[in-house]
Every structure is written in C-alpha cells, then in structure tokens.
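Listing of work.csv; format and content: CSV, C-alpha atoms (C1' of nucleotides).
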chain,number,residue,atom,x,y,z
A,1,MET,CA,99.8,105.4,99.1
A,2,LYS,CA,98.7,106.6,102.4
A,3,PHE,CA,99.6,109.1,105.1
A,4,SER,CA,100.6,107.5,108.4
A,5,THR,CA,98.2,107.7,111.3
A,6,ARG,CA,100.8,109.8,113.2
A,7,ALA,CA,100.2,112.5,110.6
A,8,GLU,CA,96.5,112.2,111.3
A,9,TYR,CA,97.0,112.3,115.0
A,10,GLY,CA,99.4,115.2,114.9
A,11,LEU,CA,97.1,117.2,112.6
A,12,LYS,CA,94.1,116.7,114.8
A,13,ALA,CA,96.2,117.8,117.8
A,14,MET,CA,97.2,120.9,115.9
A,15,VAL,CA,93.6,121.7,115.0
A,16,ASN,CA,92.8,121.5,118.7
A,17,LEU,CA,95.5,123.9,119.5
A,18,ALA,CA,94.4,126.2,116.8
A,19,ALA,CA,90.9,126.2,118.2
A,20,ALA,CA,92.3,127.1,121.6
A,21,PHE,CA,94.8,129.6,120.3
A,22,PRO,CA,96.4,131.6,121.9
A,23,LYS,CA,95.6,129.6,125.0
A,24,GLN,CA,97.4,126.3,125.7
A,25,LYS,CA,96.1,122.8,126.0
A,26,SER,CA,97.7,119.7,127.6
A,27,VAL,CA,98.3,116.4,125.9
A,28,SER,CA,95.8,114.7,128.2
A,29,GLN,CA,93.0,117.1,127.2
A,30,ILE,CA,93.7,116.5,123.5
A,31,SER,CA,94.1,112.8,123.8
A,32,LYS,CA,90.8,112.4,125.6
A,33,LYS,CA,89.0,114.6,123.0
A,34,GLU,CA,90.5,112.8,120.0
A,35,LYS,CA,90.8,109.3,121.6
A,36,ILE,CA,94.5,109.0,120.9
A,37,SER,CA,96.9,107.2,123.2
A,38,SER,CA,98.3,110.0,125.3
A,39,LYS,CA,101.8,108.5,125.6
A,40,TYR,CA,102.0,108.2,121.8
A,41,LEU,CA,100.7,111.7,121.3
A,42,GLU,CA,103.3,113.0,123.8
A,43,ARG,CA,106.0,111.8,121.5
A,44,LEU,CA,104.4,113.4,118.5
A,45,MET,CA,104.1,116.7,120.3
A,46,GLY,CA,107.8,116.5,121.0
A,47,LYS,CA,108.6,116.3,117.3
A,48,LEU,CA,106.3,119.3,116.7
A,49,ARG,CA,108.1,121.2,119.4
A,50,ARG,CA,111.5,120.5,118.1
A,51,ASN,CA,110.3,121.7,114.7
A,52,ASN,CA,109.1,124.9,116.2
A,53,LEU,CA,105.5,124.4,115.4
A,54,VAL,CA,104.4,124.5,119.1
A,55,ILE,CA,105.8,125.9,122.3
A,56,SER,CA,105.6,123.9,125.5
A,57,GLN,CA,105.3,124.8,129.1
A,58,LYS,CA,106.4,122.3,131.7
A,59,GLY,CA,105.0,121.8,135.2
A,60,LYS,CA,101.5,121.6,136.6
A,61,SER,CA,99.0,123.4,134.5
A,62,GLY,CA,101.5,123.3,131.6
A,63,GLY,CA,100.7,122.4,128.0
A,64,TYR,CA,101.3,123.4,124.5
A,65,VAL,CA,100.5,126.5,122.4
A,66,LEU,CA,100.9,127.0,118.7
A,67,ALA,CA,104.2,128.8,118.0
A,68,LYS,CA,102.5,130.8,115.2
A,69,LYS,CA,99.1,132.0,114.4
A,70,PRO,CA,96.8,129.3,112.9
A,71,GLU,CA,96.5,131.3,109.7
A,72,SER,CA,100.3,131.1,109.1
A,73,ILE,CA,100.9,127.4,109.8
A,74,LYS,CA,100.8,125.3,106.7
A,75,ILE,CA,99.5,121.8,106.8
A,76,GLY,CA,102.6,120.7,104.8
A,77,GLU,CA,104.8,121.7,107.7
A,78,ILE,CA,102.9,119.5,110.1
A,79,VAL,CA,102.8,116.5,107.9
A,80,GLU,CA,106.4,116.7,106.9
A,81,THR,CA,107.5,117.1,110.5
A,82,LEU,CA,105.7,113.9,111.5
A,83,GLU,CA,106.3,111.8,108.4
A,84,GLY,CA,109.5,113.1,107.0
A,85,PRO,CA,109.8,114.7,103.6
A,86,ILE,CA,107.1,114.1,100.9
A,87,ASN,CA,109.0,112.2,98.3
A,88,PRO,CA,106.7,109.8,96.6
A,89,ARG,CA,109.5,107.6,95.3
A,90,GLY,CA,113.1,108.1,95.7
A,91,CYS,CA,114.4,105.8,93.0
A,92,ARG,CA,117.9,104.8,94.1
A,93,PHE,CA,119.1,104.6,90.6
A,94,CYS,CA,117.8,108.0,89.5
A,95,ARG,CA,120.0,109.8,92.0
A,96,VAL,CA,123.3,108.4,90.7
A,97,ALA,CA,122.5,108.1,87.0
A,98,LYS,CA,120.1,109.8,84.6
A,99,LYS,CA,116.5,110.1,85.4
A,100,CYS,CA,114.5,106.9,85.0
A,101,SER,CA,111.2,106.7,83.0
A,102,ALA,CA,109.1,106.7,86.2
A,103,SER,CA,110.6,109.9,87.7
A,104,LEU,CA,108.4,112.1,85.5
A,105,VAL,CA,105.4,110.6,87.3
A,106,TRP,CA,106.8,110.8,90.8
A,107,ASN,CA,108.0,114.4,90.4
A,108,LYS,CA,104.7,115.5,89.2
A,109,VAL,CA,102.9,113.9,92.0
A,110,GLU,CA,105.3,115.3,94.6
A,111,GLU,CA,104.7,118.8,93.2
A,112,GLN,CA,100.9,118.4,93.3
A,113,ILE,CA,100.9,117.1,96.9
A,114,LYS,CA,103.2,119.8,98.1
A,115,LYS,CA,101.2,122.5,96.4
A,116,THR,CA,98.0,121.2,98.1
A,117,LEU,CA,99.5,120.7,101.5
A,118,TYR,CA,101.3,124.0,101.6
A,119,ASP,CA,98.4,125.9,100.3
A,120,ILE,CA,96.0,124.9,103.1
A,121,LYS,CA,96.5,126.7,106.4
A,122,LEU,CA,95.7,125.3,109.8
A,123,LYS,CA,93.1,128.0,110.4
A,124,LYS,CA,90.9,126.5,107.6
A,125,LEU,CA,90.5,123.2,109.5
A,126,ILE,CA,89.2,124.6,112.8
B,1,MET,CA,104.2,109.4,102.0
B,2,LYS,CA,105.7,107.2,99.4
B,3,PHE,CA,104.7,104.8,96.7
B,4,SER,CA,105.9,101.3,97.2
B,5,THR,CA,108.8,99.9,95.2
B,6,ARG,CA,106.4,97.4,93.7
B,7,ALA,CA,104.7,100.3,92.0
B,8,GLU,CA,108.0,101.5,90.7
B,9,TYR,CA,109.0,98.0,89.5
B,10,GLY,CA,105.6,97.4,87.8
B,11,LEU,CA,105.7,100.8,86.2
B,12,LYS,CA,109.2,100.2,84.8
B,13,ALA,CA,108.1,96.8,83.5
B,14,MET,CA,105.1,98.4,81.8
B,15,VAL,CA,107.3,101.0,80.2
B,16,ASN,CA,109.4,98.2,78.8
B,17,LEU,CA,106.4,96.5,77.4
B,18,ALA,CA,105.2,99.8,76.0
B,19,ALA,CA,108.5,100.3,74.2
B,20,ALA,CA,108.2,96.8,72.7
B,21,PHE,CA,104.5,97.0,71.8
B,22,PRO,CA,102.9,95.2,70.1
B,23,LYS,CA,105.7,92.6,70.6
B,24,GLN,CA,105.9,90.6,73.8
B,25,LYS,CA,108.7,90.5,76.3
B,26,SER,CA,109.5,87.9,79.0
B,27,VAL,CA,110.0,88.6,82.7
B,28,SER,CA,113.6,87.5,82.5
B,29,GLN,CA,114.3,90.0,79.8
B,30,ILE,CA,112.7,92.8,81.8
B,31,SER,CA,114.2,91.8,85.1
B,32,LYS,CA,117.7,91.8,83.6
B,33,LYS,CA,117.2,95.2,82.0
B,34,GLU,CA,115.8,96.8,85.1
B,35,LYS,CA,117.8,94.8,87.7
B,36,ILE,CA,114.6,93.6,89.5
B,37,SER,CA,114.4,90.2,91.1
B,38,SER,CA,112.7,88.1,88.5
B,39,LYS,CA,110.7,86.0,90.9
B,40,TYR,CA,109.3,89.1,92.5
B,41,LEU,CA,108.5,90.7,89.2
B,42,GLU,CA,106.8,87.5,88.1
B,43,ARG,CA,104.3,88.0,90.9
B,44,LEU,CA,103.7,91.6,90.0
B,45,MET,CA,103.1,90.7,86.4
B,46,GLY,CA,100.4,88.2,87.6
B,47,LYS,CA,98.6,91.1,89.3
B,48,LEU,CA,98.8,93.2,86.2
B,49,ARG,CA,97.5,90.3,84.1
B,50,ARG,CA,94.5,89.7,86.5
B,51,ASN,CA,93.7,93.3,86.2
B,52,ASN,CA,93.7,93.1,82.4
B,53,LEU,CA,96.6,95.4,81.8
B,54,VAL,CA,98.7,92.8,80.1
B,55,ILE,CA,98.1,89.5,78.3
B,56,SER,CA,100.4,86.5,78.9
B,57,GLN,CA,101.5,83.7,76.7
B,58,LYS,CA,102.7,80.6,78.4
B,59,GLY,CA,105.3,78.2,77.2
B,60,LYS,CA,108.7,78.5,75.6
B,61,SER,CA,109.2,81.8,73.9
B,62,GLY,CA,106.2,83.1,75.8
B,63,GLY,CA,105.9,86.5,77.6
B,64,TYR,CA,103.7,89.5,78.2
B,65,VAL,CA,102.2,92.1,75.9
B,66,LEU,CA,100.2,95.2,76.8
B,67,ALA,CA,96.5,94.5,76.7
B,68,LYS,CA,95.9,98.0,75.3
B,69,LYS,CA,97.8,100.5,73.3
B,70,PRO,CA,100.4,102.5,75.3
B,71,GLU,CA,98.5,105.7,74.7
B,72,SER,CA,95.4,104.4,76.4
B,73,ILE,CA,96.9,103.0,79.5
B,74,LYS,CA,96.8,105.4,82.4
B,75,ILE,CA,99.5,105.4,85.0
B,76,GLY,CA,96.9,105.4,87.7
B,77,GLU,CA,95.6,102.0,86.6
B,78,ILE,CA,99.0,100.5,87.0
B,79,VAL,CA,99.7,102.1,90.4
B,80,GLU,CA,96.4,101.2,91.9
B,81,THR,CA,96.6,97.7,90.6
B,82,LEU,CA,99.9,97.1,92.4
B,83,GLU,CA,99.4,99.2,95.5
B,84,GLY,CA,95.6,99.2,96.1
B,85,PRO,CA,93.4,102.2,95.9
B,86,ILE,CA,94.8,105.7,96.4
B,87,ASN,CA,93.3,106.7,99.7
B,88,PRO,CA,95.7,109.1,101.5
B,89,ARG,CA,94.0,108.6,104.8
B,90,GLY,CA,91.0,106.5,105.6
B,91,CYS,CA,90.1,107.9,109.0
B,92,ARG,CA,88.1,105.2,110.7
B,93,PHE,CA,85.9,107.7,112.5
B,94,CYS,CA,85.0,109.7,109.5
B,95,ARG,CA,83.3,106.8,107.8
B,96,VAL,CA,80.8,106.3,110.6
B,97,ALA,CA,80.3,109.8,111.9
B,98,LYS,CA,80.6,113.3,110.5
B,99,LYS,CA,83.7,114.3,108.6
B,100,CYS,CA,86.7,115.1,110.8
B,101,SER,CA,88.7,118.2,110.5
B,102,ALA,CA,91.5,116.5,108.6
B,103,SER,CA,89.3,115.0,105.9
B,104,LEU,CA,89.3,118.2,103.9
B,105,VAL,CA,93.0,117.8,103.5
B,106,TRP,CA,93.1,114.1,102.6
B,107,ASN,CA,90.3,114.5,100.1
B,108,LYS,CA,92.0,117.3,98.3
B,109,VAL,CA,95.3,115.4,98.2
B,110,GLU,CA,93.5,112.3,96.9
B,111,GLU,CA,91.9,114.3,94.2
B,112,GLN,CA,95.1,115.8,93.1
B,113,ILE,CA,97.1,112.6,93.0
B,114,LYS,CA,94.4,110.8,91.0
B,115,LYS,CA,94.1,113.7,88.6
B,116,THR,CA,97.9,113.5,88.0
B,117,LEU,CA,98.2,109.8,87.7
B,118,TYR,CA,95.2,109.3,85.5
B,119,ASP,CA,96.2,112.1,83.2
B,120,ILE,CA,99.6,110.7,82.3
B,121,LYS,CA,99.5,107.9,79.8
B,122,LEU,CA,102.1,105.1,79.6
B,123,LYS,CA,103.2,106.2,76.1
B,124,LYS,CA,104.6,109.4,77.6
B,125,LEU,CA,107.1,107.5,79.7
B,126,ILE,CA,108.8,105.5,76.9
C,1,DT,C1',106.6,122.8,151.6
C,2,DT,C1',105.0,119.3,149.1
C,3,DA,C1',102.1,116.6,146.2
C,4,DA,C1',100.0,116.5,141.8
C,5,DA,C1',100.2,117.2,137.1
C,6,DA,C1',102.4,118.4,133.4
C,7,DA,C1',106.4,117.9,129.7
C,8,DC,C1',110.4,115.3,128.4
C,9,DA,C1',113.5,111.2,127.2
C,10,DT,C1',114.4,106.8,125.8
C,11,DA,C1',114.2,102.0,125.4
C,12,DC,C1',111.4,98.3,124.4
C,13,DT,C1',107.6,95.4,122.3
C,14,DA,C1',103.9,94.3,119.0
C,15,DA,C1',101.8,94.5,114.8
C,16,DA,C1',101.5,95.3,110.1
C,17,DA,C1',103.2,96.0,105.6
C,18,DT,C1',106.6,95.1,102.3
C,19,DA,C1',110.2,92.8,99.8
C,20,DG,C1',112.0,88.9,98.5
C,21,DT,C1',112.8,83.5,98.3
C,22,DA,C1',111.5,78.6,97.6
C,23,DT,C1',109.3,75.0,95.5
C,24,DG,C1',107.0,73.2,92.1
C,25,DA,C1',103.1,72.7,88.6
C,26,DT,C1',101.6,73.7,83.9
C,27,DT,C1',102.2,75.0,79.2
C,28,DT,C1',104.3,75.3,74.7
C,29,DA,C1',107.5,75.9,71.0
C,30,DA,C1',111.8,74.5,69.2
D,1,DT,C1',111.2,65.6,74.8
D,2,DT,C1',113.4,69.2,76.9
D,3,DA,C1',114.1,73.9,77.8
D,4,DA,C1',112.1,78.1,78.9
D,5,DA,C1',108.4,80.4,79.9
D,6,DT,C1',104.0,81.5,82.9
D,7,DC,C1',101.5,80.6,87.1
D,8,DA,C1',100.4,79.5,92.0
D,9,DT,C1',101.2,79.5,96.7
D,10,DA,C1',103.6,79.2,100.9
D,11,DC,C1',107.2,80.8,103.5
D,12,DT,C1',110.9,84.1,105.4
D,13,DA,C1',113.1,88.4,106.3
D,14,DT,C1',113.2,93.1,106.7
D,15,DT,C1',111.5,97.5,107.6
D,16,DT,C1',108.2,100.6,109.2
D,17,DT,C1',104.8,101.9,112.2
D,18,DA,C1',102.1,102.0,116.4
D,19,DG,C1',102.0,101.7,120.9
D,20,DT,C1',103.8,100.6,125.9
D,21,DA,C1',106.9,101.0,129.9
D,22,DT,C1',109.7,103.3,132.9
D,23,DG,C1',111.1,106.7,134.5
D,24,DT,C1',113.2,112.1,135.2
D,25,DT,C1',112.4,116.9,135.4
D,26,DT,C1',109.7,120.9,136.1
D,27,DT,C1',106.3,123.9,138.0
D,28,DT,C1',102.2,125.3,140.1
D,29,DA,C1',98.5,125.1,143.3
D,30,DA,C1',97.0,123.6,147.6

For the structure just supplied, provide its representation as structure tokens.
Amino acid sequence: MKFSTRAEYGLKAMVNLAAAFPKQKSVSQISKKEKISSKYLERLMGKLRRNNLVISQKGKSGGYVLAKKPESIKIGEIVETLEGPINPRGCRFCRVAKKCSASLVWNKVEEQIKKTLYDIKLKKLI
Amino acid sequence: MKFSTRAEYGLKAMVNLAAAFPKQKSVSQISKKEKISSKYLERLMGKLRRNNLVISQKGKSGGYVLAKKPESIKIGEIVETLEGPINPRGCRFCRVAKKCSASLVWNKVEEQIKKTLYDIKLKKLI
DNA sequence: TTAAAAACATACTAAAATAGTATGATTTAA
DNA sequence: TTAAATCATACTATTTTAGTATGTTTTTAA
C-alpha cells in the first residue's frame, strides 16, 4: 500500500512551481533541484498539463506555471492525475454482484484517503 | 494507490474463518467458496499462520481456525501481514535528511489509513 | 537569421512487484 | 494404509512502474 514514485516526483515538482508562482520554471531547473531524471519528469509534466494543473510555454526560456493559485490546487488532484483514481481495491465481483464482505473496508479507506488528500492544498507544502 | 489482491484474498479467507469460528475450515473449502486458486491461498494462509492470526491443524480433516476471537482481530493486522507495512511513501531522502515537502501528506495519509484499518474488527465483516 | 534551449510525442527497455503454478514432503484421521 | 490436509520452496508469467532513446516542434535571445 504505497503511492508510486511518480506521485512523489510530480508533487515535488508542483511544490517547486508553487514556490515560484506566478513565475514559471523549466523541467531542467526542477529536475536538478529535486534530483529527478529530467526526461521522466518531462513526461509527468505532460500529464499534469493535459489535466489542466499547469500551463506550458514552449521555446527558449519556456517552462511551466501553475494553472491556478497554489491555495486552490488540491493534493488529491495531483496524485490522481499521476496515479489514476484512488480506488484501494476494485473487487471485480463486487461490481457485478452484491457487495462482498471486504468492500466495507475498502470504501472506508478510500473515503479517508480522499478526504485527506483533497483537504490539503498545495500552498501548505511550500 | 491500491491494496494487492492477496490482501483481498486473505481478508476474505479470514472472514470465512470468522463465520465458522470456533470451528475450522480447510483451504479447499474456502478456495471453492471464494473462487481463489487454492495453491495461492495456501501460501497466504502460511503467512497468516506465521503471524499468529490463525492456527493450523495438519493431516486429514485438518484446516485452519482463527487464533483469536473475531471481535479482537483487527483488519490492519491482516492487511499488514499480507502486504507488508502501510507506508504510503517512504521517500529515501527524508530518512537521511530533513523532511521533504511531501512527507506531511504521506504521514497524514498513513495515519488515516491505519486508524481506519485498526478500528474495524473482523467480526464486523461477517 | 540562426543556434540554443525549451516543450512535446512516442516507442522502447529494464527492473520490480505481483499473481499464479509445480513439485513434492510431512502429517494425521478415517 | 491411503486419502486429504498442511507446509515448503522453487519456478514462471504477467503486469506495473521507472527510466531511456530518439527525435520533432517551437520560440527567444544572441
């Protein structure tokens, strides 16, 4: 039961952008600072852009800016963008038939994780 | 961010044993009921046994019994036995140096998940 | 005008985790 | 004494994740 490292990488990148906000930062700046493979981070930024969490500017002296203010970006948005939906256990049987005995547990956990992640705003992590 | 299916399988098996408690049940009975590969389930039961959550009886008409009453077995014990410790993100840098910006998030999530899983008792899932 | 530095796209490879199988030994009650 | 159970361990297959490679496109600053 772990988050993937891409969630960690992406979150760190977003914290960097939050600290620079409303100025932009390039992938190479962030990757140096956080010691993340820049090519890998580039791809993660693409996902964040397609999910409207950041805005990119191409060309020399380009980079990324947050698409919204740091205080209105929820950590949950970032994590779910990079990892896919938080869904602690999607029991294949539960969906077609009645709920299984375990679903009470998974649902409760899902609720708690989401509550936590959507309650914390990016600004808090700067 | 998901639990593994072995956690699901193991939990279902434990619910079966809880329903039968204090009688025992064999792996083949449980695997048929829950449609889980019996060989795979066998191995999971081994883990649960080594963690003192169930007691086994070998030989013909053998099987497994819960080692404790269903109302005193916490779901967290089962899940952590099968999946390893709940540790949403063990940032390798955080351990050696100061906390990184993300650790506030992971710690909060860890706390919430553990609270949830250790609060629910096996008896509730029967 | 042009070269450098950035985003963007996509295919590929490597590594790790997970699920599941195979084989067989040991135990015990019917 | 045999059938049915646990137990142990090694192996294989699949899936997910991380990371690399090879470019193309865009834009600005020199």

**OP:** Would you give me, as a list in words, the residues of chain C that come within 6 Å of chain A, using only C-alpha atoms (C1' of nucleotides)?
**Re:**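 Close to chain A, chain C has DA5, DA6 and DA7 of chain C.
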
Counting all atoms listed in the file, what are the residues of chain D within 6 Å of chain A, and for each of them which pair of atoms is the nearest and at what distance in Å, to one decimal? Sort the table by chain and rising number, as a Markdown table.
| residue | atom | partner | partner_atom | distance |
| --- | --- | --- | --- | --- |
| D:DT26 | C1' | A:Gly59 | CA | 4.9 |
| D:DT27 | C1' | A:Gly59 | CA | 3.7 |
| D:DT28 | C1' | A:Lys60 | CA | 5.1 |

Taking a cut-off of 10 Å and counting all atoms listed in the file, can you build a table that, for each residue of chain B near chain A, reports the nearest atom pair and how far apart they are in Å (one decimal), sorted by chain then residue number, as JSON lines?
{"residue": "B:Met1", "atom": "CA", "partner": "A:Phe3", "partner_atom": "CA", "distance": 5.6}
{"residue": "B:Lys2", "atom": "CA", "partner": "A:Pro88", "partner_atom": "CA", "distance": 3.9}
{"residue": "B:Phe3", "atom": "CA", "partner": "A:Pro88", "partner_atom": "CA", "distance": 5.4}
{"residue": "B:Ser4", "atom": "CA", "partner": "A:Arg89", "partner_atom": "CA", "distance": 7.5}
{"residue": "B:Thr5", "atom": "CA", "partner": "A:Arg89", "partner_atom": "CA", "distance": 7.7}
{"residue": "B:Ala7", "atom": "CA", "partner": "A:Arg89", "partner_atom": "CA", "distance": 9.3}
{"residue": "B:Glu8", "atom": "CA", "partner": "A:Ala102", "partner_atom": "CA", "distance": 7.0}
{"residue": "B:Tyr9", "atom": "CA", "partner": "A:Ala102", "partner_atom": "CA", "distance": 9.3}
{"residue": "B:Leu11", "atom": "CA", "partner": "A:Ala102", "partner_atom": "CA", "distance": 6.8}
{"residue": "B:Lys12", "atom": "CA", "partner": "A:Ala102", "partner_atom": "CA", "distance": 6.6}
{"residue": "B:Val15", "atom": "CA", "partner": "A:Ser101", "partner_atom": "CA", "distance": 7.5}
{"residue": "B:Asn16", "atom": "CA", "partner": "A:Ser101", "partner_atom": "CA", "distance": 9.7}
{"residue": "B:Ile75", "atom": "CA", "partner": "A:Val105", "partner_atom": "CA", "distance": 8.2}
{"residue": "B:Gly76", "atom": "CA", "partner": "A:Val105", "partner_atom": "CA", "distance": 10.0}
{"residue": "B:Val79", "atom": "CA", "partner": "A:Met1", "partner_atom": "CA", "distance": 9.3}
{"residue": "B:Glu80", "atom": "CA", "partner": "A:Met1", "partner_atom": "CA", "distance": 9.0}
{"residue": "B:Glu83", "atom": "CA", "partner": "A:Met1", "partner_atom": "CA", "distance": 7.2}
{"residue": "B:Gly84", "atom": "CA", "partner": "A:Met1", "partner_atom": "CA", "distance": 8.1}
{"residue": "B:Pro85", "atom": "CA", "partner": "A:Met1", "partner_atom": "CA", "distance": 7.8}
{"residue": "B:Ile86", "atom": "CA", "partner": "A:Met1", "partner_atom": "CA", "distance": 5.7}
{"residue": "B:Asn87", "atom": "CA", "partner": "A:Lys2", "partner_atom": "CA", "distance": 6.0}
{"residue": "B:Pro88", "atom": "CA", "partner": "A:Lys2", "partner_atom": "CA", "distance": 4.0}
{"residue": "B:Arg89", "atom": "CA", "partner": "A:Phe3", "partner_atom": "CA", "distance": 5.6}
{"residue": "B:Gly90", "atom": "CA", "partner": "A:Lys2", "partner_atom": "CA", "distance": 8.3}
{"residue": "B:Cys91", "atom": "CA", "partner": "A:Glu8", "partner_atom": "CA", "distance": 8.0}
{"residue": "B:Cys100", "atom": "CA", "partner": "A:Lys12", "partner_atom": "CA", "distance": 8.6}
{"residue": "B:Ser101", "atom": "CA", "partner": "A:Leu125", "partner_atom": "CA", "distance": 5.4}
{"residue": "B:Ala102", "atom": "CA", "partner": "A:Lys12", "partner_atom": "CA", "distance": 6.7}
{"residue": "B:Ser103", "atom": "CA", "partner": "A:Leu125", "partner_atom": "CA", "distance": 9.0}
{"residue": "B:Leu104", "atom": "CA", "partner": "A:Leu125", "partner_atom": "CA", "distance": 7.6}
{"residue": "B:Val105", "atom": "CA", "partner": "A:Leu117", "partner_atom": "CA", "distance": 7.4}
{"residue": "B:Trp106", "atom": "CA", "partner": "A:Phe3", "partner_atom": "CA", "distance": 8.6}
{"residue": "B:Lys108", "atom": "CA", "partner": "A:Thr116", "partner_atom": "CA", "distance": 7.2}
{"residue": "B:Val109", "atom": "CA", "partner": "A:Ile113", "partner_atom": "CA", "distance": 6.0}
{"residue": "B:Glu110", "atom": "CA", "partner": "A:Ile113", "partner_atom": "CA", "distance": 8.8}
{"residue": "B:Glu111", "atom": "CA", "partner": "A:Ile113", "partner_atom": "CA", "distance": 9.8}
{"residue": "B:Gln112", "atom": "CA", "partner": "A:Gln112", "partner_atom": "CA", "distance": 6.4}
{"residue": "B:Ile113", "atom": "CA", "partner": "A:Val109", "partner_atom": "CA", "distance": 6.0}
{"residue": "B:Lys114", "atom": "CA", "partner": "A:Val109", "partner_atom": "CA", "distance": 9.1}
{"residue": "B:Lys115", "atom": "CA", "partner": "A:Val109", "partner_atom": "CA", "distance": 9.4}
{"residue": "B:Thr116", "atom": "CA", "partner": "A:Val109", "partner_atom": "CA", "distance": 6.4}
{"residue": "B:Leu117", "atom": "CA", "partner": "A:Val105", "partner_atom": "CA", "distance": 7.3}
{"residue": "B:Ile120", "atom": "CA", "partner": "A:Val105", "partner_atom": "CA", "distance": 7.7}
{"residue": "B:Lys121", "atom": "CA", "partner": "A:Val105", "partner_atom": "CA", "distance": 9.9}
{"residue": "B:Leu122", "atom": "CA", "partner": "A:Ala102", "partner_atom": "CA", "distance": 9.8}
{"residue": "B:Lys124", "atom": "CA", "partner": "A:Ser101", "partner_atom": "CA", "distance": 8.9}
{"residue": "B:Leu125", "atom": "CA", "partner": "A:Ser101", "partner_atom": "CA", "distance": 5.3}
{"residue": "B:Ile126", "atom": "CA", "partner": "A:Ser101", "partner_atom": "CA", "distance": 6.7}

**OP:** Show which residues sit within 8 Å of range 9-19 of chain D, as an MDAnalysis selection string. Count all atoms listed in the file, and ignore same-chain residues fewer than 5 positions away.
**Re:** (chainID A and resid 4 37 40) or (chainID C and resid 14:22)

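A straight line drawn from CA of Pro70 in chain A to CA of Ser38 in chain A is 23.0 Å long.
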
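Interatomic distance, C1' of DA11 in chain C against C1' of DT22 in chain D: 8.8 Å.
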
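As for C1' of DT10 in chain C and C1' of DA21 in chain D, they are spaced 10.3 Å apart.
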
Subject >> Distance query 12 Å from (99.5, 114.2, 144.6) using only C-alpha atoms (C1' of nucleotides), result as a list of chain:residue names >> reply: A:Lys60, C:DT2, C:DA3, C:DA4, C:DA5, D:DA29, D:DA30
